Amino acid sequence: MSEPPQDATRPMPVVDTEKHPDTEKHPGTGRHRPPADGQPALSPDARGSGRFWSARRVPSAIVALLTLGGAGLLLYDVVAVRTGHPAMYWRRELARQLAERHLDDIPVLGGAAFVTALGLWLILLALTPGLRNLLPMLRPRYDVRAALTRDAAAQVLRDRAVEVSGVREARVNMRRRRADVRVISHFRDPAEVRSDLDTALAGAVTDLGMVRRPKLSVRLRGPGKKG
(Lines give C-alpha, C1' and ligand atoms only; values in the text may rest on other atoms or scores of the structure.)
Protein backbone atom coordinates (compact mmCIF):
# COMPACT_ATOMS: atom_id res chain seq x y z
CA MET A 1 0.00 0.00 0.00
CA SER A 2 1.53 3.32 -1.08
CA GLU A 3 2.01 6.15 1.37
CA PRO A 4 0.40 9.54 0.76
CA PRO A 5 2.77 12.30 -0.30
CA GLN A 6 4.24 14.47 2.41
CA ASP A 7 2.37 17.56 1.22
CA ALA A 8 -1.00 15.81 1.59
CA THR A 9 -1.27 16.77 5.27
CA ARG A 10 -0.25 20.38 4.77
CA PRO A 11 -3.18 22.77 5.48
CA MET A 12 -4.50 24.85 2.63
CA PRO A 13 -3.85 28.60 2.93
CA VAL A 14 -6.77 30.74 3.97
CA VAL A 15 -7.16 34.04 2.14
CA ASP A 16 -9.43 36.89 3.12
CA THR A 17 -11.74 37.49 0.17
CA GLU A 18 -12.33 41.08 1.23
CA LYS A 19 -8.66 41.79 0.60
CA HIS A 20 -8.32 39.34 -2.29
CA PRO A 21 -11.69 39.11 -4.09
CA ASP A 22 -10.08 37.16 -6.95
CA THR A 23 -9.78 33.95 -4.91
CA GLU A 24 -12.02 30.95 -5.43
CA LYS A 25 -13.96 29.13 -2.75
CA HIS A 26 -13.89 25.40 -2.04
CA PRO A 27 -17.37 23.94 -2.56
CA GLY A 28 -19.03 23.17 0.75
CA THR A 29 -16.29 24.72 2.88
CA GLY A 30 -15.51 28.11 4.31
CA ARG A 31 -11.96 28.14 3.07
CA HIS A 32 -10.62 29.85 0.01
CA ARG A 33 -7.84 28.99 -2.32
CA PRO A 34 -5.90 30.97 -4.90
CA PRO A 35 -6.44 30.32 -8.61
CA ALA A 36 -5.09 27.01 -9.87
CA ASP A 37 -1.65 26.84 -11.40
CA GLY A 38 -1.55 27.69 -15.06
CA GLN A 39 -4.64 29.90 -14.86
CA PRO A 40 -4.31 33.69 -14.95
CA ALA A 41 -5.06 35.43 -11.67
CA LEU A 42 -7.06 38.05 -13.54
CA SER A 43 -8.76 38.11 -16.90
CA PRO A 44 -6.97 39.96 -19.71
CA ASP A 45 -9.47 42.82 -19.49
CA ALA A 46 -9.01 43.29 -15.72
CA ARG A 47 -8.93 46.87 -14.55
CA GLY A 48 -6.30 46.30 -11.91
CA SER A 49 -6.48 47.17 -8.25
CA GLY A 50 -7.11 50.90 -8.54
CA ARG A 51 -5.00 53.74 -7.27
CA PHE A 52 -2.99 53.63 -4.08
CA TRP A 53 -4.39 55.65 -1.18
CA SER A 54 -2.30 58.07 0.79
CA ALA A 55 -2.18 57.77 4.57
CA ARG A 56 -2.58 61.57 4.91
CA ARG A 57 -0.33 61.56 7.94
CA VAL A 58 0.50 65.28 7.94
CA PRO A 59 -3.10 66.59 7.65
CA SER A 60 -4.29 64.00 10.17
CA ALA A 61 -1.57 64.94 12.63
CA ILE A 62 -2.33 68.67 12.26
CA VAL A 63 -6.07 68.15 12.80
CA ALA A 64 -5.45 65.85 15.75
CA LEU A 65 -3.05 68.30 17.42
CA LEU A 66 -5.37 71.28 16.91
CA THR A 67 -8.36 69.34 18.22
CA LEU A 68 -6.42 68.08 21.22
CA GLY A 69 -5.06 71.53 22.03
CA GLY A 70 -8.44 73.24 21.69
CA ALA A 71 -10.25 70.59 23.72
CA GLY A 72 -7.59 70.69 26.43
CA LEU A 73 -7.68 74.49 26.66
CA LEU A 74 -11.48 74.56 26.80
CA LEU A 75 -11.56 71.80 29.43
CA TYR A 76 -9.03 73.68 31.56
CA ASP A 77 -11.09 76.87 31.37
CA VAL A 78 -14.34 75.07 32.27
CA VAL A 79 -12.70 73.41 35.27
CA ALA A 80 -11.25 76.77 36.37
CA VAL A 81 -14.71 78.41 36.22
CA ARG A 82 -16.27 75.53 38.15
CA THR A 83 -13.68 75.98 40.89
CA GLY A 84 -14.50 79.68 41.32
CA HIS A 85 -11.89 81.28 39.06
CA PRO A 86 -12.84 83.76 36.33
CA ALA A 87 -13.07 82.55 32.75
CA MET A 88 -10.08 83.16 30.51
CA TYR A 89 -9.96 86.40 28.58
CA TRP A 90 -10.27 84.78 25.14
CA ARG A 91 -13.53 83.05 26.08
CA ARG A 92 -15.05 86.19 27.59
CA GLU A 93 -14.04 88.21 24.54
CA LEU A 94 -15.39 85.58 22.15
CA ALA A 95 -18.73 85.48 23.99
CA ARG A 96 -18.93 89.29 23.84
CA GLN A 97 -18.14 89.41 20.14
CA LEU A 98 -20.74 86.75 19.35
CA ALA A 99 -23.35 88.67 21.34
CA GLU A 100 -22.63 92.09 19.78
CA ARG A 101 -21.76 91.34 16.13
CA HIS A 102 -24.37 90.71 13.46
CA LEU A 103 -24.24 87.77 11.09
CA ASP A 104 -23.67 90.01 8.07
CA ASP A 105 -20.53 91.63 9.49
CA ILE A 106 -17.40 91.24 7.38
CA PRO A 107 -15.33 89.48 10.11
CA VAL A 108 -18.14 86.99 10.73
CA LEU A 109 -18.54 86.24 7.03
CA GLY A 110 -14.77 85.94 6.61
CA GLY A 111 -14.47 83.50 9.50
CA ALA A 112 -17.37 81.43 8.19
CA ALA A 113 -15.81 81.31 4.72
CA PHE A 114 -12.47 80.20 6.17
CA VAL A 115 -14.05 77.42 8.24
CA THR A 116 -16.11 76.27 5.25
CA ALA A 117 -13.06 76.17 2.99
CA LEU A 118 -11.12 74.23 5.62
CA GLY A 119 -13.94 71.71 5.99
CA LEU A 120 -14.23 71.24 2.21
CA TRP A 121 -10.46 70.70 2.00
CA LEU A 122 -10.61 68.00 4.68
CA ILE A 123 -13.53 66.31 2.92
CA LEU A 124 -11.59 66.39 -0.34
CA LEU A 125 -8.60 64.77 1.35
CA ALA A 126 -10.84 62.06 2.78
CA LEU A 127 -12.52 61.22 -0.54
CA THR A 128 -9.52 61.32 -2.89
CA PRO A 129 -6.69 58.75 -2.94
CA GLY A 130 -3.78 61.12 -3.42
CA LEU A 131 -0.35 59.75 -4.37
CA ARG A 132 -0.72 61.14 -7.88
CA ASN A 133 2.93 60.33 -8.57
CA LEU A 134 2.15 56.58 -8.54
CA LEU A 135 0.73 54.96 -11.68
CA PRO A 136 -1.02 51.64 -10.88
CA MET A 137 0.01 48.57 -12.86
CA LEU A 138 -1.95 45.49 -13.84
CA ARG A 139 -1.81 42.68 -11.31
CA PRO A 140 0.00 39.59 -12.64
CA ARG A 141 -1.15 37.64 -9.55
CA TYR A 142 -4.11 37.92 -7.25
CA ASP A 143 -1.90 38.85 -4.27
CA VAL A 144 0.40 41.35 -6.00
CA ARG A 145 -0.06 45.09 -6.30
CA ALA A 146 2.45 47.32 -8.01
CA ALA A 147 2.84 50.84 -9.29
CA LEU A 148 5.32 52.92 -11.25
CA THR A 149 6.39 56.40 -10.38
CA ARG A 150 5.99 59.00 -13.08
CA ASP A 151 9.74 59.53 -13.26
CA ALA A 152 10.36 55.79 -13.78
CA ALA A 153 7.76 55.55 -16.53
CA ALA A 154 9.14 58.66 -18.21
CA GLN A 155 12.66 57.22 -18.05
CA VAL A 156 11.51 54.01 -19.75
CA LEU A 157 9.85 55.94 -22.57
CA ARG A 158 12.88 58.16 -22.96
CA ASP A 159 15.24 55.18 -23.17
CA ARG A 160 13.05 53.57 -25.84
CA ALA A 161 12.93 56.82 -27.79
CA VAL A 162 16.70 57.38 -27.87
CA GLU A 163 17.20 53.80 -29.06
CA VAL A 164 15.48 54.69 -32.34
CA SER A 165 17.95 55.38 -35.11
CA GLY A 166 18.00 59.06 -35.96
CA VAL A 167 16.94 60.34 -32.52
CA ARG A 168 19.51 62.61 -30.93
CA GLU A 169 17.62 63.80 -27.87
CA ALA A 170 14.32 62.99 -26.18
CA ARG A 171 12.39 64.48 -23.30
CA VAL A 172 9.31 62.96 -21.68
CA ASN A 173 6.76 64.65 -19.44
CA MET A 174 4.69 61.90 -17.85
CA ARG A 175 1.19 62.61 -16.61
CA ARG A 176 -1.53 60.34 -15.28
CA ARG A 177 -3.35 60.09 -18.61
CA ARG A 178 -0.87 61.37 -21.17
CA ALA A 179 2.81 61.22 -22.01
CA ASP A 180 4.28 64.21 -23.82
CA VAL A 181 7.36 63.19 -25.77
CA ARG A 182 9.62 65.81 -27.37
CA VAL A 183 12.24 64.44 -29.75
CA ILE A 184 15.07 66.04 -31.72
CA SER A 185 16.15 64.03 -34.77
CA HIS A 186 19.14 64.13 -37.10
CA PHE A 187 20.64 62.43 -40.22
CA ARG A 188 17.43 60.50 -41.12
CA ASP A 189 14.22 61.18 -42.94
CA PRO A 190 11.82 62.62 -40.32
CA ALA A 191 8.97 60.48 -41.65
CA GLU A 192 10.96 57.29 -41.08
CA VAL A 193 12.06 58.46 -37.64
CA ARG A 194 8.48 59.27 -36.72
CA SER A 195 7.23 55.87 -37.87
CA ASP A 196 9.90 53.97 -35.91
CA LEU A 197 9.36 56.24 -32.93
CA ASP A 198 5.61 55.63 -32.83
CA THR A 199 6.17 51.87 -32.98
CA ALA A 200 8.84 51.90 -30.26
CA LEU A 201 6.85 54.10 -27.90
CA ALA A 202 3.63 52.12 -28.39
CA GLY A 203 5.51 48.95 -27.47
CA ALA A 204 7.06 50.67 -24.46
CA VAL A 205 3.66 51.79 -23.18
CA THR A 206 2.37 48.22 -23.52
CA ASP A 207 5.43 46.82 -21.73
CA LEU A 208 4.89 49.18 -18.80
CA GLY A 209 1.75 47.20 -17.93
CA MET A 210 -0.15 50.12 -16.46
CA VAL A 211 -3.85 49.90 -15.69
CA ARG A 212 -4.58 53.07 -17.64
CA ARG A 213 -2.34 53.36 -20.65
CA PRO A 214 -1.34 56.98 -21.22
CA LYS A 215 -2.02 58.60 -24.55
CA LEU A 216 1.13 59.47 -26.45
CA SER A 217 1.74 62.98 -27.69
CA VAL A 218 4.90 62.95 -29.81
CA ARG A 219 6.49 66.06 -31.25
CA LEU A 220 9.42 65.62 -33.59
CA ARG A 221 11.67 68.37 -34.86
CA GLY A 222 15.02 68.64 -36.59
CA PRO A 223 18.27 69.79 -35.03
CA GLY A 224 17.84 73.32 -36.34
CA LYS A 225 20.21 75.49 -38.27
CA LYS A 226 23.71 76.10 -37.02
CA GLY A 227 25.17 79.55 -36.74
# chains A, B, ... in the order shown; residues from 1 in each chain; ligands from 1
>>> residues_around(residues="segment 161-177 of chain A", least_positions_apart="3", cutoff="9 Å", atoms="only C-alpha atoms", output="ChimeraX atom specification")
/A:132-135,150-151,153-158,180-190,192-193,196-198,200-201,212-215,223
>>> residues_around(residues="Val108 of chain A", least_positions_apart="6", cutoff="10 Å", atoms="only C-alpha atoms", output="CSV table (one decimal) with N, CA, C and O atoms, in the first residue's frame")
chain,number,residue,atom,x,y,z
A,97,GLN,N,-18.1,89.2,21.6
A,97,GLN,CA,-18.1,89.4,20.1
A,97,GLN,C,-19.3,88.7,19.5
A,97,GLN,O,-20.0,89.3,18.6
A,98,LEU,N,-19.6,87.5,19.9
A,98,LEU,CA,-20.7,86.7,19.3
A,98,LEU,C,-22.1,87.4,19.7
A,98,LEU,O,-23.0,87.3,19.0
A,101,ARG,N,-21.9,91.3,17.6
A,101,ARG,CA,-21.8,91.3,16.1
A,101,ARG,C,-23.0,90.7,15.4
A,101,ARG,O,-23.5,89.7,15.9
A,102,HIS,N,-23.3,91.3,14.3
A,102,HIS,CA,-24.4,90.7,13.5
A,102,HIS,C,-23.8,89.7,12.5
A,102,HIS,O,-22.6,89.6,12.2
A,114,PHE,N,-13.7,80.9,5.9
A,114,PHE,CA,-12.5,80.2,6.2
A,114,PHE,C,-12.8,78.8,6.7
A,114,PHE,O,-12.2,77.8,6.3
>>> select_by_dssp(residues="segment 48-169 of chain A", states="alpha helix (DSSP H)", output="ChimeraX atom specification")
/A:57-82,89-100,106-127,150-162
>>> atom_distance(atom1="atom CA of Val211 of chain A", atom2="atom CA of Pro140 of chain A")
11.4 Å
>>> atom_distance(atom1="atom CA of Thr149 of chain A", atom2="atom CA of Ser195 of chain A")
27.5 Å
>>> atom_distance(atom1="atom CA of Gly119 of chain A", atom2="atom CA of Val63 of chain A")
11.0 Å
>>> residues_around(residues="Leu131 of chain A", least_positions_apart="3", cutoff="10 Å", atoms="only C-alpha atoms", output="list in words")
Arg51, Phe52, Trp53, Ser54, Ala55, Arg56, Thr128, Leu134, Leu135 and Thr149 of chain A
